[in-house]
>>> print(open('query.json').read())   # JSON, C-alpha atoms and all ligand atoms
[["chain", "number", "residue", "atom", "x", "y", "z"],
["W", 360, "MET", "CA", 22.86, -18.21, 61.20],
["W", 361, "ASN", "CA", 24.18, -21.78, 61.20],
["W", 362, "HIS", "CA", 26.36, -22.07, 58.12],
["W", 363, "SER", "CA", 26.43, -25.83, 57.74],
["W", 364, "HIS", "CA", 22.63, -25.81, 57.82],
["W", 365, "VAL", "CA", 22.57, -23.23, 55.04],
["W", 366, "ILE", "CA", 24.99, -25.21, 52.93],
["W", 367, "THR", "CA", 22.91, -28.35, 53.30],
["W", 368, "ARG", "CA", 19.73, -26.63, 52.27],
["W", 369, "VAL", "CA", 21.34, -24.95, 49.30],
["W", 370, "HIS", "CA", 22.72, -28.26, 48.15],
["W", 371, "ILE", "CA", 19.42, -30.03, 48.47],
["W", 372, "VAL", "CA", 17.82, -27.42, 46.24],
["W", 373, "LEU", "CA", 20.72, -27.59, 43.83],
["W", 374, "PHE", "CA", 20.67, -31.35, 43.48],
["W", 375, "ARG", "CA", 17.21, -31.03, 42.09],
["W", 376, "ASN", "CA", 18.58, -29.07, 39.22],
["W", 377, "ALA", "CA", 21.71, -30.34, 37.58],
["W", 378, "ALA", "CA", 22.22, -27.29, 35.39],
["W", 379, "ALA", "CA", 22.17, -24.85, 38.28],
["W", 380, "ALA", "CA", 24.32, -27.17, 40.37],
["W", 381, "LEU", "CA", 26.94, -27.21, 37.65],
["W", 382, "THR", "CA", 27.02, -23.44, 37.40],
["W", 383, "ILE", "CA", 27.29, -23.06, 41.15],
["W", 384, "LYS", "CA", 30.11, -25.58, 41.24],
["W", 385, "CYS", "CA", 32.08, -23.51, 38.75],
["W", 386, "LEU", "CA", 31.42, -20.30, 40.62],
["W", 387, "SER", "CA", 31.93, -21.48, 44.16],
["W", 388, "ARG", "CA", 35.66, -21.38, 44.79],
["W", 389, "PRO", "CA", 36.59, -22.53, 48.29],
["W", 390, "ARG", "CA", 37.00, -19.02, 49.71],
["W", 391, "MET", "CA", 33.92, -17.53, 48.10],
["W", 392, "PRO", "CA", 31.92, -15.80, 50.84],
["W", 393, "MET", "CA", 28.69, -17.48, 51.86],
["W", 394, "ALA", "CA", 26.66, -14.37, 51.10],
["W", 395, "ALA", "CA", 27.89, -14.31, 47.51],
["W", 396, "LEU", "CA", 27.16, -18.00, 47.09],
["W", 397, "LEU", "CA", 23.61, -17.52, 48.33],
["W", 398, "THR", "CA", 23.09, -14.56, 46.02],
["W", 399, "VAL", "CA", 24.22, -16.62, 43.06],
["W", 400, "ALA", "CA", 21.88, -19.43, 44.10],
["W", 401, "GLY", "CA", 18.98, -17.02, 44.49],
["W", 402, "LEU", "CA", 19.56, -15.49, 41.07],
["W", 403, "LEU", "CA", 19.98, -18.74, 39.21],
["W", 404, "LEU", "CA", 17.35, -21.02, 40.65],
["W", 405, "PRO", "CA", 14.16, -19.28, 39.45],
["W", 406, "ASP", "CA", 15.55, -19.16, 35.91],
["W", 407, "ALA", "CA", 16.63, -22.75, 36.05],
["W", 408, "ALA", "CA", 13.22, -23.82, 37.35],
["W", 409, "SER", "CA", 11.31, -22.06, 34.59],
["W", 410, "ALA", "CA", 13.75, -23.39, 32.01],
["W", 411, "GLN", "CA", 12.99, -26.89, 33.25],
["W", 412, "GLN", "CA", 9.28, -26.21, 32.98],
["W", 413, "ALA", "CA", 9.59, -24.99, 29.37],
["W", 414, "ASP", "CA", 11.70, -28.01, 28.60],
["W", 415, "GLY", "CA", 9.05, -30.23, 30.18],
["W", 416, "GLU", "CA", 6.31, -28.73, 28.07],
["W", 417, "ARG", "CA", 8.31, -29.27, 24.87],
["W", 418, "LEU", "CA", 9.17, -32.85, 25.84],
["W", 419, "PHE", "CA", 5.56, -33.54, 26.74],
["W", 420, "ARG", "CA", 4.37, -32.32, 23.35],
["W", 421, "GLN", "CA", 6.99, -34.41, 21.55],
["W", 422, "ARG", "CA", 6.84, -37.60, 23.59],
["W", 423, "CYS", "CA", 3.38, -37.79, 25.17],
["W", 424, "GLY", "CA", 1.08, -35.36, 23.35],
["W", 425, "THR", "CA", 0.11, -37.73, 20.55],
["W", 426, "CYS", "CA", -1.63, -39.98, 23.05],
["W", 427, "HIS", "CA", -2.32, -37.69, 26.04],
["W", 428, "ALA", "CA", -4.06, -34.33, 26.32],
["W", 429, "MET", "CA", -3.75, -32.05, 29.34],
["W", 430, "GLU", "CA", -7.42, -31.00, 29.15],
["W", 431, "ALA", "CA", -9.85, -32.90, 31.35],
["W", 432, "GLY", "CA", -12.31, -34.95, 29.30],
["W", 433, "GLN", "CA", -10.06, -35.22, 26.25],
["W", 434, "ASN", "CA", -8.95, -38.81, 26.01],
["W", 435, "ARG", "CA", -6.84, -39.92, 23.08],
["W", 436, "ALA", "CA", -5.15, -43.31, 22.80],
["W", 437, "GLY", "CA", -4.31, -42.67, 26.47],
["W", 438, "PRO", "CA", -6.29, -40.90, 29.21],
["W", 439, "HIS", "CA", -6.01, -37.13, 29.73],
["W", 440, "LEU", "CA", -3.33, -36.26, 32.27],
["W", 441, "SER", "CA", -4.87, -33.17, 33.82],
["W", 442, "GLY", "CA", -4.59, -33.48, 37.61],
["W", 443, "ILE", "CA", -2.51, -36.65, 37.29],
["W", 444, "ILE", "CA", -0.64, -35.98, 40.57],
["W", 445, "GLY", "CA", -2.71, -37.59, 43.31],
["W", 446, "ARG", "CA", -4.96, -39.40, 40.85],
["W", 447, "THR", "CA", -5.61, -43.14, 41.18],
["W", 448, "ALA", "CA", -4.29, -45.10, 38.19],
["W", 449, "GLY", "CA", -6.88, -46.25, 35.70],
["W", 450, "SER", "CA", -9.61, -43.98, 37.05],
["W", 451, "VAL", "CA", -10.50, -41.62, 34.18],
["W", 452, "GLU", "CA", -14.03, -42.21, 33.07],
["W", 453, "GLY", "CA", -14.34, -43.11, 29.38],
["W", 454, "ALA", "CA", -10.61, -43.75, 28.92],
["W", 455, "ARG", "CA", -9.46, -47.06, 27.55],
["W", 456, "TYR", "CA", -7.34, -48.86, 30.13],
["W", 457, "SER", "CA", -5.77, -52.27, 30.41],
["W", 458, "ALA", "CA", -6.99, -54.42, 33.27],
["W", 459, "ALA", "CA", -3.42, -54.25, 34.57],
["W", 460, "MET", "CA", -3.62, -50.46, 34.95],
["W", 461, "ARG", "CA", -7.11, -50.46, 36.47],
["W", 462, "GLU", "CA", -6.11, -53.06, 39.02],
["W", 463, "SER", "CA", -2.63, -51.70, 39.77],
["W", 464, "GLY", "CA", -3.64, -49.82, 42.92],
["W", 465, "VAL", "CA", -1.13, -47.08, 42.05],
["W", 466, "VAL", "CA", -1.74, -43.48, 43.11],
["W", 467, "TRP", "CA", 0.33, -41.18, 40.91],
["W", 468, "ASP", "CA", 2.88, -39.01, 42.65],
["W", 469, "ARG", "CA", 6.31, -37.81, 41.47],
["W", 470, "GLN", "CA", 8.03, -41.03, 42.50],
["W", 471, "ALA", "CA", 5.43, -43.32, 40.93],
["W", 472, "LEU", "CA", 5.50, -41.33, 37.69],
["W", 473, "ASP", "CA", 9.29, -41.46, 37.64],
["W", 474, "THR", "CA", 9.29, -45.23, 38.09],
["W", 475, "PHE", "CA", 6.52, -45.69, 35.50],
["W", 476, "LEU", "CA", 8.17, -43.50, 32.87],
["W", 477, "THR", "CA", 11.50, -45.25, 33.40],
["W", 478, "SER", "CA", 9.96, -48.57, 32.45],
["W", 479, "PRO", "CA", 6.15, -48.75, 32.22],
["W", 480, "ARG", "CA", 5.90, -52.50, 31.77],
["W", 481, "GLN", "CA", 8.22, -53.23, 34.63],
["W", 482, "MET", "CA", 6.08, -51.23, 37.04],
["W", 483, "VAL", "CA", 2.64, -52.16, 35.69],
["W", 484, "ARG", "CA", 2.99, -55.58, 34.15],
["W", 485, "GLY", "CA", 0.58, -55.83, 31.22],
["W", 486, "THR", "CA", 0.13, -52.08, 30.63],
["W", 487, "THR", "CA", -0.57, -51.03, 27.07],
["W", 488, "MET", "CA", 1.63, -47.95, 27.43],
["W", 489, "THR", "CA", 5.08, -48.87, 26.23],
["W", 490, "VAL", "CA", 6.72, -45.44, 25.80],
["W", 491, "SER", "CA", 9.55, -44.87, 28.25],
["W", 492, "ILE", "CA", 11.86, -41.95, 28.99],
["W", 493, "PRO", "CA", 15.27, -43.37, 29.92],
["W", 494, "ASN", "CA", 16.82, -39.96, 30.69],
["W", 495, "ALA", "CA", 16.28, -38.96, 34.34],
["W", 496, "GLU", "CA", 16.48, -35.21, 33.71],
["W", 497, "GLN", "CA", 13.92, -35.43, 30.94],
["W", 498, "ARG", "CA", 11.61, -37.44, 33.19],
["W", 499, "ALA", "CA", 11.97, -34.86, 35.94],
["W", 500, "ALA", "CA", 11.20, -32.03, 33.49],
["W", 501, "ILE", "CA", 8.10, -33.79, 32.17],
["W", 502, "ILE", "CA", 6.86, -34.56, 35.69],
["W", 503, "THR", "CA", 7.43, -30.95, 36.78],
["W", 504, "TYR", "CA", 5.39, -29.85, 33.78],
["W", 505, "LEU", "CA", 2.58, -32.29, 34.63],
["W", 506, "GLU", "CA", 2.61, -31.02, 38.22],
["W", 507, "GLY", "CA", 2.52, -27.38, 37.12],
["W", 508, "VAL", "CA", -0.37, -27.79, 34.68],
["W", 509, "GLY", "CA", -2.33, -29.87, 37.17],
["W", 510, "ALA", "CA", -2.02, -27.16, 39.81],
["W", 511, "GLN", "CA", -3.39, -24.37, 37.60],
["W", 601, "LIG", "C1", 1.57, -44.26, 21.97],
["W", 601, "LIG", "C2", 0.66, -43.66, 22.90],
["W", 601, "LIG", "C3", 1.23, -43.15, 24.23],
["W", 601, "LIG", "C4", 2.28, -42.29, 24.43],
["W", 601, "LIG", "C5", 3.18, -41.66, 23.38],
["W", 601, "LIG", "C6", 2.33, -42.07, 25.86],
["W", 601, "LIG", "N1", 1.34, -42.77, 26.50],
["W", 601, "LIG", "FE1", 0.92, -42.72, 28.48],
["W", 601, "LIG", "N2", -0.57, -44.04, 28.20],
["W", 601, "LIG", "C7", -0.95, -44.58, 26.97],
["W", 601, "LIG", "C8", -1.99, -45.56, 27.17],
["W", 601, "LIG", "C9", -2.69, -46.37, 26.10],
["W", 601, "LIG", "C10", -2.22, -45.60, 28.56],
["W", 601, "LIG", "C11", -3.15, -46.53, 29.31],
["W", 601, "LIG", "C12", -2.28, -47.71, 29.70],
["W", 601, "LIG", "C13", -3.00, -48.86, 30.36],
["W", 601, "LIG", "O1", -4.19, -48.75, 30.62],
["W", 601, "LIG", "O2", -2.33, -49.89, 30.61],
["W", 601, "LIG", "C14", -1.32, -44.63, 29.16],
["W", 601, "LIG", "C15", -1.28, -44.35, 30.51],
["W", 601, "LIG", "C16", -0.50, -43.37, 31.10],
["W", 601, "LIG", "C17", -0.54, -42.99, 32.47],
["W", 601, "LIG", "C18", -1.49, -43.55, 33.53],
["W", 601, "LIG", "C19", -2.72, -42.66, 33.52],
["W", 601, "LIG", "C20", -3.83, -43.08, 34.44],
["W", 601, "LIG", "O3", -4.92, -42.50, 34.35],
["W", 601, "LIG", "O4", -3.65, -44.00, 35.27],
["W", 601, "LIG", "C21", 0.37, -42.00, 32.66],
["W", 601, "LIG", "C22", 0.71, -41.29, 33.93],
["W", 601, "LIG", "C23", 0.98, -41.77, 31.36],
["W", 601, "LIG", "N3", 0.43, -42.62, 30.44],
["W", 601, "LIG", "C24", 1.96, -40.83, 31.14],
["W", 601, "LIG", "C25", 2.58, -40.65, 29.91],
["W", 601, "LIG", "C26", 3.63, -39.70, 29.70],
["W", 601, "LIG", "C27", 4.16, -38.72, 30.72],
["W", 601, "LIG", "C28", 4.02, -39.84, 28.40],
["W", 601, "LIG", "C29", 5.14, -39.13, 27.69],
["W", 601, "LIG", "C30", 6.45, -39.32, 28.23],
["W", 601, "LIG", "C31", 3.19, -40.85, 27.80],
["W", 601, "LIG", "N4", 2.33, -41.33, 28.75],
["W", 601, "LIG", "C32", 3.26, -41.26, 26.48],
["W", 601, "LIG", "C33", -0.45, -44.25, 25.76],
["W", 601, "LIG", "C34", 0.65, -43.44, 25.52]]
>>> encode(input="query.json", output="structure tokens", more="lines below")
Ligand code: HEC
Amino acid sequence: MNHSHVITRVHIVLFRNAAAALTIKCLSRPRMPMAALLTVAGLLLPDAASAQQADGERLFRQRCGTCHAMEAGQNRAGPHLSGIIGRTAGSVEGARYSAAMRESGVVWDRQALDTFLTSPRQMVRGTTMTVSIPNAEQRAAIITYLEGVGAQ
């Protein structure tokens, strides 16, 4: 097996999860055998991923749930967000949208959601959604939750 390739892949996975990355960093002394490092990564990542998902659900309820439901057909002040990944912006029937959102041409993917939640009005000038999530980890957790629910 090519070791540098393994290290790169492990790091890519780890960068997606700051908590796990931190733990690995503490555990991985320079001479730690590769096998042990991989075992640690394998044990930690599933836990870290589900922790992020739980976190995302809690954050969604606190920060988005007043205005957004995850059930199709249930529009509140904002449109339902079921199946939001891959959905065209402003396309939910019966939801109240600004002209800015309907005409934005955005198709929601992880990157678009991240940009939108960082600063909605900067991305879609004239949107009526003003809530932003300045913390990148919290945004990632919420987006992972949206992705997970949409896929069910
Ligand atoms: C105070 C109410 C409110 C809160 C809280 C809120 N939103 Fe919104 N959201 C809206 C409204 C209203 C729209 C429609 C905006 C428009 O048409 O310009 C919207 C639109 C959206 C859209 C675009 C949907 C589509 O069909 O194109 C996404 C994605 C979204 N919100 C995600 C979120 C997330 C994630 C959160 C929590 C971090 C959140 N919103 C919090 C009111 C809210």
>>> atom_distance(input="query.json", atom1="atom C29 of ligand LIG 601 (chain W)", atom2="atom CA of W:Arg455")
16.6 Å
>>> residues_near_ligand(input="query.json", ligand="ligand LIG 601 (chain W)", cutoff="8 Å", atoms="all atoms listed in the file", output="PyMOL selection string")
chain W and resi 418-419+421-427+436-440+443+446-451+454-461+465+467+472+475-476+483+485-492+498+501-502+505
>>> closest_residue(input="query.json", among="W:Val508, W:Ala495, W:Ala431, W:Ala410", to="W:Glu452", atoms="only C-alpha atoms")
W:Ala431
>>> atom_distance(input="query.json", atom1="atom CA of W:Thr503", atom2="atom CA of W:Thr477")
15.2 Å
>>> residues_near_point(input="query.json", point="(8.1, -26.3, 37.7)", cutoff="9 Å", atoms="all atoms listed in the file", output="list in words")
Ala408, Ser409, Ala410, Gln411, Gln412, Ala413, Gly415, Ala500, Ile502, Thr503, Tyr504, Leu505, Glu506 and Gly507 of chain W
>>> atom_distance(input="query.json", atom1="atom CA of W:Asp468", atom2="atom CA of W:Gly442")
10.6 Å
>>> closest_residue(input="query.json", among="W:Asp473, W:Glu496, W:Glu462, W:Glu430", to="W:Asp414", atoms="only C-alpha atoms")
W:Glu496
